[in-house]
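Visitor: So that we are looking at the same thing, I have put the structure below in C-alpha cells.
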2 protein chains.
Amino acid sequence: MSELKGACIFGQSGGPTAVINASAQGVIETALKSGNITRVLGAAHGIKGVLDDKLIDMSQEDPAELALLKYTPSSALGSCRYKLADPDQDDTDYQRILEIFKKYDVRYFFYNGGNDSMDTCNKISKFMQKSGYECRIMGVPKTIDNDLNGTDHCPGFASAARYIATSCMEVWQDAHVYDTGMITVIEIMGRHAGWLTGAAALATWAGYGPDLIYLPETDFDMDRFIADVKEVYERTGNCMVAVSEGIHYADGTFVSEAKTSATDGFGHAQLGGLAALLAETVKAATGAKVRGIELSLLQRCASHCASKTDVEEAYLAGKTAVEAAVAGTTDRMVAFKCSREDGYTCEMSLEPLDIVANFEKKVPRAWINEAGNGIEQPFIDYVLPLIQGDAEAPRENGLPRFAKLNKNLAK
Amino acid sequence: MSELKGACIFGQSGGPTAVINASAQGVIETALKSGNITRVLGAAHGIKGVLDDKLIDMSQEDPAELALLKYTPSSALGSCRYKLADPDQDDTDYQRILEIFKKYDVRYFFYNGGNDSMDTCNKISKFMQKSGYECRIMGVPKTIDNDLNGTDHCPGFASAARYIATSCMEVWQDAHVYDTGMITVIEIMGRHAGWLTGAAALATWAGYGPDLIYLPETDFDMDRFIADVKEVYERTGNCMVAVSEGIHYADGTFVSEAKTSATDGFGHAQLGGLAALLAETVKAATGAKVRGIELSLLQRCASHCASKTDVEEAYLAGKTAVEAAVAGTTDRMVAFKCSREDGYTCEMSLEPLDIVANFEKKVPRAWINEAGNGIEQPFIDYVLPLIQGDAEAPRENGLPRFAKLNKNLAK
C-alpha cells in the first residue's frame with residue numbers, strides 16, 4: 001500500500017461508556033507517535049465537531065492526562081447523536097466534511113461508536129471514495145449494548161456487565177436481610193438487545209442473583225410475569241427479578257410505554273420508568289414488600305468497577321485502527337475474534353463497515369431458557385472471560401482521578 | 001473488675017451497610033479467642049433470633065469464611081426492625097430474653113446497629129441490671145445515616161459516602177457528554193439527617209459533582225428549587241442536583257409524599273419516588289432533558305467501593321466491644337473520637353448507652369450554605385479522611401467473593 005501523509009480526525013459518538021476513552025487514548029497515543037500522521041485532531045462532539053469546525057489539537061494535551069483517559073468514563077471529547085442524511089438525497093453535510101478534511105489535509109478519520117456511528121463512518125467512507133478524495137476511514141467499536149455485528153463483543157459492554165453483576169450480588173445480599181421477604185425488580189439498559197440484562201445472570205451463577213430474567217429477545221406477558229414472581233416468592237420467601245428496559249408485549253409495545261393496562265390497573269403517565277411500574281404491579285398482585293431499582297446511567301459510566309480486560313481491549317481497538325490505517329487499510333471497523341477453548345484469547349480483525357452498519361446483534365434464542373425468564377450456561381461462558389481483572393482506576397483523595405484535557409481548538 | 005465467664009450473643013439490627021459484617025468479624029474473632037467467653041452465638045435476625053431461640057454456633061464456621069465477612073455487604077446473620085416495648089408497660093420480651101440468657105449462660109451481649117438498635121441494647125442493659133442478672137452489654141455502632149450521638153461518625157457511613165461521591169463524579173461525566181445540556185436529579189438516602197446527601201459535595205469538591213444539594217436539615221421550597229435549577233441550567237447549560245429522600249416542606253410534609261401540589265401539577269400516586277417527581281417537575285418547568293436517578297439500595301451495599309478506613313474502623317469497633325466487656329465494661333457503646341489536626345486519627349471510646357439511644361445527630365446548620373442548597377468546606381474536611389483507602393474486596397472469577405456461613409443452630 002502507498003504511504004499516506006496527513007492529519008487525522010478522531011471522534012466519539014453515541015452513548016458514552018466506561019471505556020470509550022480508553023479507545024480514544026489508543027487512537028491518540030498511536031497517532032501522535034506515527035510518522036505519517038502529521039497532526040492529531042479530536043472532533044468536539046463527534047461528527048458535529050467536524051461540521052462546526054471545532055477540532056481539538058491533541059498534541060497540546062499533557063501526555064500524563066491522556067494516559068488517564070483509560071480510566072475516565074464517558075466521552076472526553078464530547079459525543080453526539082447526529083444521523084447523516086442519505087448522500088444521494090442530500091449531500092450538504094458530506095460536502096462540508098470534505099471541505100474540512102481538505103482544510104486540515106485530513107487523510108485519516110477514526111470514528112468510535114455503535115450502530116449509528118458505524119453507519120455514519122460507512123457513509124463518509126463511501127462518499128470520500130466516490131469523491132476521489134484519498135482518506136483512510138476506520139471504525140472503532142463501542143457500545144454497552146454489545147449489539148454490533150461482525151465482532152465477538154463490543155468494548156464497553158464488559159465493564160457495564162461487571163458493574164451489573166456486582167451490583168446485583170450486593171443488592172441480593174441487602175434484599176435478603178430480613179426474615180419477612182422482599183421482591184426486588186432491577187431495570188437494566190438495552191432497548192433492543194438483552195446482553196446487559198443477561199449479564200445479571202452472572203450474579204445468579206456466582207450464588208446471589210436474579211431468580212428471573214427477562215430480555216427483549218422474547219415477548220413479555222404481564223400475567224405470566226406475575227405468576228413467575230409469585231411462584232418464586234411463595235416457594236422461597238424472596239424474589240429478585242432483572243428486566244431489560246426494552247421488554248415488550250407480543251404486539252411490539254414497550255412495557256414501559258403501556259400506560260394503561262388491564263393487568264396493572266394504572267391509568268396515568270409513568271414517572272419512574274419500568275422498574276417502578278413493575279414493582280407497583282407486583283406489589284398489588286402479591287402484597288409483598290417490593291422495591292424497584294433502575295441502574296440508570298450508573299451502569300454505563302462505572303469506571304470504578306471496570307473490567308481490566310475490557311479497558312485493555314478498548315485501548316487495543318483504538319491502537320489497531322490507527323496502525324491498520326497507516327499500513328493502508330480503509331473502510332473497515334476493528335473487530336474482535338475470540339476463542340474460549342483452552343482459555344480466552346482475543347485477536348483484532350478488520351471487518352467491512354458495510355456488514356457492521358445498522359445491524360443489531362441479538363442474544364441467541366438458545367442462550368435464553370425456553371420459558372423466556374432465565375439465561376442458559378452458554379451466555380455465562382460467553383461473558384465470563386470478558387469481565388476479568390480489575391482496571392484499578394486511579395484515585396486521588398479517595399475519589400476518582402479523571403483526565404483533565406485542555407481542549408485547545410486547532411487553528 | 002471481676003472476671004466473668006460465659007457465653008456471648010452477637011446480633012445485627014436495622015438496615016444493613018457495606019461494613020456491618022466487618023464489625024461482626026471483629027466481635028466474633030475476638031470473642032472466639034477470648035478465654036472468658038465460653039461460647040460465641042450469633043442471633044439470627046437480631047433480637048428476634050434471641051426471642052425465637054435461633055442462635056447460630058459461630059465456632060462451627062470456617063475461619064477463612066469468617067475473614068471474608070470484612071468484605072461482605074448486608075447483615076450476614078440477618079437483621080430485624082423490632083422495637084422492644086417499654087419494660088414498665090410490658091416486660092414479656094425481656095423475661096424471654098432473660099430466659100434465653102440463662103439457658104445458654106449468656107454473660108456478654110453485643111448489639112450492632114443504629115438509633116433503634118442502641119435503644120434496644122440500652123433497654124436490655126437496664127433490665128438485666130434491674131433483674132440482678134450479671135451480663136455485660138455493649139453496643140457496636142452502625143448506620144449509613146451517620147446520625148448516632150456520642151461518636152464522631154458511624155461505621156457504614158463512609159463507604160456509602162465514597163460510593164455516592166464516586167457515582168456522582170461518574171454520572172457527572174456521563175451527563176455532560178452532549179452539547180445539548182441535561183439536568184440530573186440524584187436521590188440519596190437519609191430520611192432525617194443529610195450526612196449521605198452532603199457526601200455528594202465531595203464530588204463537586206473534586207471537580208465533577210452536583211451544582212445544588214438539598215438536605216433535610218433545612219425546609220424545602222419547590223418554587224425556590226425550580227428557580228435554583230433554572231438559574232444554573234441557563235447559566236451553564238447543565239445542572240446536577242443531589243437531594244435527600246427526606247427533604248420536606250416547612251410544614252414537615254415530605255416532598256416525596258406530597259401527591260398533589262400546585263407546583264408540580266400531579267394528582268396521582270407517585271410510583272418512582274422523589275427523583276422521578278422532581279425530574280418531572282423540573283422538566284415541566286424548563287423543557288430540558290432531565291433524568292432522575294435514585295441510588296436506592298445500591299448505595300448502602302456497595303462493598304466493591306468500600307472505604308478501607310471504614311472497614312478497618314468497623315472491625316475495630318467490634319473488637320473493642322468484646323475487649324472492653326471482657327475487661328469489665330458494660331452498658332456502653334463503642335464510639336469514635338477523632339482528630340483532623342495534623343492528619344486524621346481515630347480512637348475508640350466507650351459512651352453510655354443512655355446518651356446514644358434515640359437521639360438523631362443532624363448535619364450542623366453552619367455546614368450547609370445560607371441558601372440551603374449547598375455544602376460548606378467544614379463538611380468536606382469532616383468526611384474526606386473517612387473515605388480514604390480501597391478496601392480491596394476479594395473477587396473470584398471477576399465477581400465478588402462473599403463469606404459463606406453454615407449457620408448451624410446452637411443446641
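Within each chain, counting starts at residue 1; across the C-alpha cells, chains are named A, B, ... in the order shown, with ligands numbered 1 upward in that order.
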Need the shell around Val311 of chain A: protein/DNA/RNA residues with any atom at most 10 Å away, counting only C-alpha atoms. Skip same-chain ones fewer than 6 positions apart. Format as a count of residues only?
Guide: 17
Visitor: Please provide the set of residues having any atom within 10 Å of segment 174-178 of chain B, restricted to only C-alpha atoms, with same-chain residues fewer than 6 positions apart removed, written as a VMD selection string.
Guide: (chain A and resid 12 to 18 44 to 46 73 to 81 297 to 298 300 to 302) or (chain B and resid 168 184 208 237 to 240 290 to 291)
Visitor: Rounded to one decimal, what separation in Å do you get between atom CA of Ile186 of chain A and atom CA of Pro210 of chain A?
Guide: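 Separating atom CA of Ile186 of chain A from atom CA of Pro210 of chain A is a distance of 8.7 Å.
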Visitor: Which residues come within 7 Å of Ala321 of chain B, counting only C-alpha atoms, excluding same-chain residues fewer than 2 positions away, as an MDAnalysis selection string?
Guide: chainID B and resid 138 140 317:319 323:325 334
Visitor: Using N, CA and C atoms, can you export the residues from the last selection as a PDB file, in the first residue's frame?
Guide:
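Printed below is out_38.pdb as written:
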ATOM      1  N   MET B 138     -22.939  -4.418  75.424  1.00  0.00           N
ATOM      2  CA  MET B 138     -22.221  -3.384  74.668  1.00  0.00           C
ATOM      3  C   MET B 138     -22.877  -3.148  73.307  1.00  0.00           C
ATOM      4  N   VAL B 140     -22.494  -1.764  69.465  1.00  0.00           N
ATOM      5  CA  VAL B 140     -21.492  -1.527  68.413  1.00  0.00           C
ATOM      6  C   VAL B 140     -22.189  -0.659  67.358  1.00  0.00           C
ATOM      7  N   ALA B 317     -14.259  -1.502  65.955  1.00  0.00           N
ATOM      8  CA  ALA B 317     -15.397  -1.237  66.850  1.00  0.00           C
ATOM      9  C   ALA B 317     -15.903  -2.541  67.463  1.00  0.00           C
ATOM     10  N   GLY B 318     -16.000  -3.580  66.617  1.00  0.00           N
ATOM     11  CA  GLY B 318     -16.445  -4.879  67.116  1.00  0.00           C
ATOM     12  C   GLY B 318     -15.449  -5.484  68.091  1.00  0.00           C
ATOM     13  N   LYS B 319     -14.192  -5.423  67.703  1.00  0.00           N
ATOM     14  CA  LYS B 319     -13.115  -5.978  68.537  1.00  0.00           C
ATOM     15  C   LYS B 319     -13.067  -5.268  69.899  1.00  0.00           C
ATOM     16  N   GLU B 323     -13.338  -6.685  73.823  1.00  0.00           N
ATOM     17  CA  GLU B 323     -12.215  -6.491  74.755  1.00  0.00           C
ATOM     18  C   GLU B 323     -12.649  -5.680  75.977  1.00  0.00           C
ATOM     19  N   ALA B 324     -13.430  -4.627  75.728  1.00  0.00           N
ATOM     20  CA  ALA B 324     -13.875  -3.784  76.848  1.00  0.00           C
ATOM     21  C   ALA B 324     -14.805  -4.553  77.776  1.00  0.00           C
ATOM     22  N   ALA B 325     -15.692  -5.354  77.199  1.00  0.00           N
ATOM     23  CA  ALA B 325     -16.634  -6.122  78.020  1.00  0.00           C
ATOM     24  C   ALA B 325     -15.897  -7.157  78.864  1.00  0.00           C
ATOM     25  N   VAL B 334     -19.455   1.450  71.852  1.00  0.00           N
ATOM     26  CA  VAL B 334     -18.156   1.849  71.320  1.00  0.00           C
ATOM     27  C   VAL B 334     -18.378   3.074  70.435  1.00  0.00           C
TER      28      VAL B 334
END
Visitor: What's around His153 of chain B at 10 Å? Count only C-alpha atoms, leave out sequence neighbours fewer than 3 positions away in its own chain, and write the answer as a PyMOL selection string.
Guide: chain B and resi 141-150+156-158+195+310+335-338+361+382-383+386
Visitor: Using the selection just defined, write its residues with N, CA, C and O atoms as an mmCIF file, in the first residue's frame.
Guide:
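again27.cif, written as the output of this step:
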data_model
loop_
_atom_site.group_PDB
_atom_site.id
_atom_site.type_symbol
_atom_site.label_atom_id
_atom_site.label_comp_id
_atom_site.auth_asym_id
_atom_site.auth_seq_id
_atom_site.Cartn_x
_atom_site.Cartn_y
_atom_site.Cartn_z
ATOM 1 N N PRO B 141 -21.639 0.527 67.084
ATOM 2 C CA PRO B 141 -22.372 1.450 66.210
ATOM 3 C C PRO B 141 -22.377 1.001 64.755
ATOM 4 O O PRO B 141 -21.458 0.329 64.294
ATOM 5 N N LYS B 142 -23.396 1.380 64.050
ATOM 6 C CA LYS B 142 -23.553 1.120 62.621
ATOM 7 C C LYS B 142 -24.672 1.958 62.093
ATOM 8 O O LYS B 142 -25.735 1.969 62.682
ATOM 9 N N THR B 143 -24.464 2.675 61.064
ATOM 10 C CA THR B 143 -25.543 3.238 60.259
ATOM 11 C C THR B 143 -24.983 4.111 59.149
ATOM 12 O O THR B 143 -24.153 4.975 59.385
ATOM 13 N N ILE B 144 -25.456 3.855 57.937
ATOM 14 C CA ILE B 144 -25.048 4.711 56.829
ATOM 15 C C ILE B 144 -25.558 6.137 57.067
ATOM 16 O O ILE B 144 -24.999 7.085 56.549
ATOM 17 N N ASP B 145 -26.608 6.281 57.893
ATOM 18 C CA ASP B 145 -27.189 7.607 58.132
ATOM 19 C C ASP B 145 -26.276 8.517 58.951
ATOM 20 O O ASP B 145 -26.469 9.724 58.977
ATOM 21 N N ASN B 146 -25.316 7.918 59.655
ATOM 22 C CA ASN B 146 -24.310 8.668 60.417
ATOM 23 C C ASN B 146 -24.928 9.571 61.489
ATOM 24 O O ASN B 146 -24.360 10.609 61.827
ATOM 25 N N ASP B 147 -26.062 9.168 62.039
ATOM 26 C CA ASP B 147 -26.792 10.078 62.923
ATOM 27 C C ASP B 147 -26.770 9.665 64.386
ATOM 28 O O ASP B 147 -27.603 10.105 65.182
ATOM 29 N N LEU B 148 -25.804 8.804 64.765
ATOM 30 C CA LEU B 148 -25.711 8.392 66.163
ATOM 31 C C LEU B 148 -25.000 9.453 66.991
ATOM 32 O O LEU B 148 -23.981 9.995 66.578
ATOM 33 N N ASN B 149 -25.525 9.676 68.150
ATOM 34 C CA ASN B 149 -24.942 10.635 69.082
ATOM 35 C C ASN B 149 -23.721 10.026 69.791
ATOM 36 O O ASN B 149 -23.620 8.810 69.913
ATOM 37 N N GLY B 150 -22.805 10.889 70.231
ATOM 38 C CA GLY B 150 -21.702 10.430 71.069
ATOM 39 C C GLY B 150 -20.520 9.868 70.315
ATOM 40 O O GLY B 150 -19.559 9.408 70.923
ATOM 41 N N GLY B 156 -20.016 2.409 58.342
ATOM 42 C CA GLY B 156 -21.003 2.225 57.276
ATOM 43 C C GLY B 156 -21.240 3.509 56.504
ATOM 44 O O GLY B 156 -21.467 3.476 55.292
ATOM 45 N N PHE B 157 -21.160 4.624 57.201
ATOM 46 C CA PHE B 157 -21.400 5.915 56.552
ATOM 47 C C PHE B 157 -20.342 6.192 55.474
ATOM 48 O O PHE B 157 -20.677 6.559 54.334
ATOM 49 N N ALA B 158 -19.084 5.997 55.831
ATOM 50 C CA ALA B 158 -18.008 6.418 54.922
ATOM 51 C C ALA B 158 -18.023 5.627 53.617
ATOM 52 O O ALA B 158 -17.769 6.183 52.544
ATOM 53 N N TRP B 195 -26.406 13.610 56.129
ATOM 54 C CA TRP B 195 -24.982 13.272 56.000
ATOM 55 C C TRP B 195 -24.658 12.647 54.648
ATOM 56 O O TRP B 195 -23.677 13.010 53.994
ATOM 57 N N ASP B 310 -13.101 2.881 56.659
ATOM 58 C CA ASP B 310 -14.388 2.475 57.223
ATOM 59 C C ASP B 310 -14.369 1.005 57.626
ATOM 60 O O ASP B 310 -14.782 0.640 58.737
ATOM 61 N N ALA B 335 -17.539 4.068 70.604
ATOM 62 C CA ALA B 335 -17.664 5.282 69.792
ATOM 63 C C ALA B 335 -16.289 5.683 69.271
ATOM 64 O O ALA B 335 -15.276 5.137 69.698
ATOM 65 N N PHE B 336 -16.291 6.608 68.318
ATOM 66 C CA PHE B 336 -15.022 7.083 67.742
ATOM 67 C C PHE B 336 -14.747 8.497 68.210
ATOM 68 O O PHE B 336 -15.614 9.376 68.120
ATOM 69 N N LYS B 337 -13.535 8.711 68.695
ATOM 70 C CA LYS B 337 -13.071 10.073 68.984
ATOM 71 C C LYS B 337 -11.996 10.380 67.960
ATOM 72 O O LYS B 337 -10.971 9.708 67.919
ATOM 73 N N CYS B 338 -12.227 11.379 67.143
ATOM 74 C CA CYS B 338 -11.311 11.634 66.027
ATOM 75 C C CYS B 338 -10.708 13.022 66.091
ATOM 76 O O CYS B 338 -11.320 13.957 66.623
ATOM 77 N N LYS B 361 -28.417 12.667 65.335
ATOM 78 C CA LYS B 361 -27.464 13.763 65.138
ATOM 79 C C LYS B 361 -27.573 14.295 63.708
ATOM 80 O O LYS B 361 -27.409 13.550 62.747
ATOM 81 N N TYR B 382 -14.573 17.229 57.212
ATOM 82 C CA TYR B 382 -15.045 16.175 58.114
ATOM 83 C C TYR B 382 -15.079 14.812 57.419
ATOM 84 O O TYR B 382 -14.594 13.805 57.953
ATOM 85 N N VAL B 383 -15.620 14.771 56.200
ATOM 86 C CA VAL B 383 -15.855 13.476 55.533
ATOM 87 C C VAL B 383 -14.604 12.922 54.855
ATOM 88 O O VAL B 383 -14.377 11.706 54.844
ATOM 89 N N LEU B 386 -12.470 10.046 56.031
ATOM 90 C CA LEU B 386 -13.203 8.798 56.283
ATOM 91 C C LEU B 386 -13.310 7.908 55.050
ATOM 92 O O LEU B 386 -13.522 6.701 55.175
#
Visitor: Let's see if you can do this: from backbone DSSP, list all helix (DSSP H, G or I) residues in segment 68-284 of chain A, as JSON, numbers by chain.
Guide: {"A": [68, 69, 70, 71, 92, 93, 94, 95, 96, 97, 98, 99, 100, 101, 102, 103, 115, 116, 117, 118, 119, 120, 121, 122, 123, 124, 125, 126, 127, 128, 129, 130, 131, 157, 158, 159, 160, 161, 162, 163, 164, 165, 166, 167, 168, 169, 170, 171, 172, 173, 174, 175, 195, 196, 197, 198, 201, 202, 203, 204, 205, 222, 223, 224, 225, 226, 227, 228, 229, 230, 231, 232, 233, 234, 235, 236, 255, 256, 257, 273, 274, 275, 276, 277, 278, 279, 280, 281, 282, 283, 284]}
Visitor: Have a look at A:Glu313, A:Glu392, A:Glu170, A:Glu231 and name the one nearest to chain B; count only C-alpha atoms.
Guide: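 Ranking A:Glu313, A:Glu392, A:Glu170, A:Glu231 by distance to chain B, first place goes to A:Glu170.
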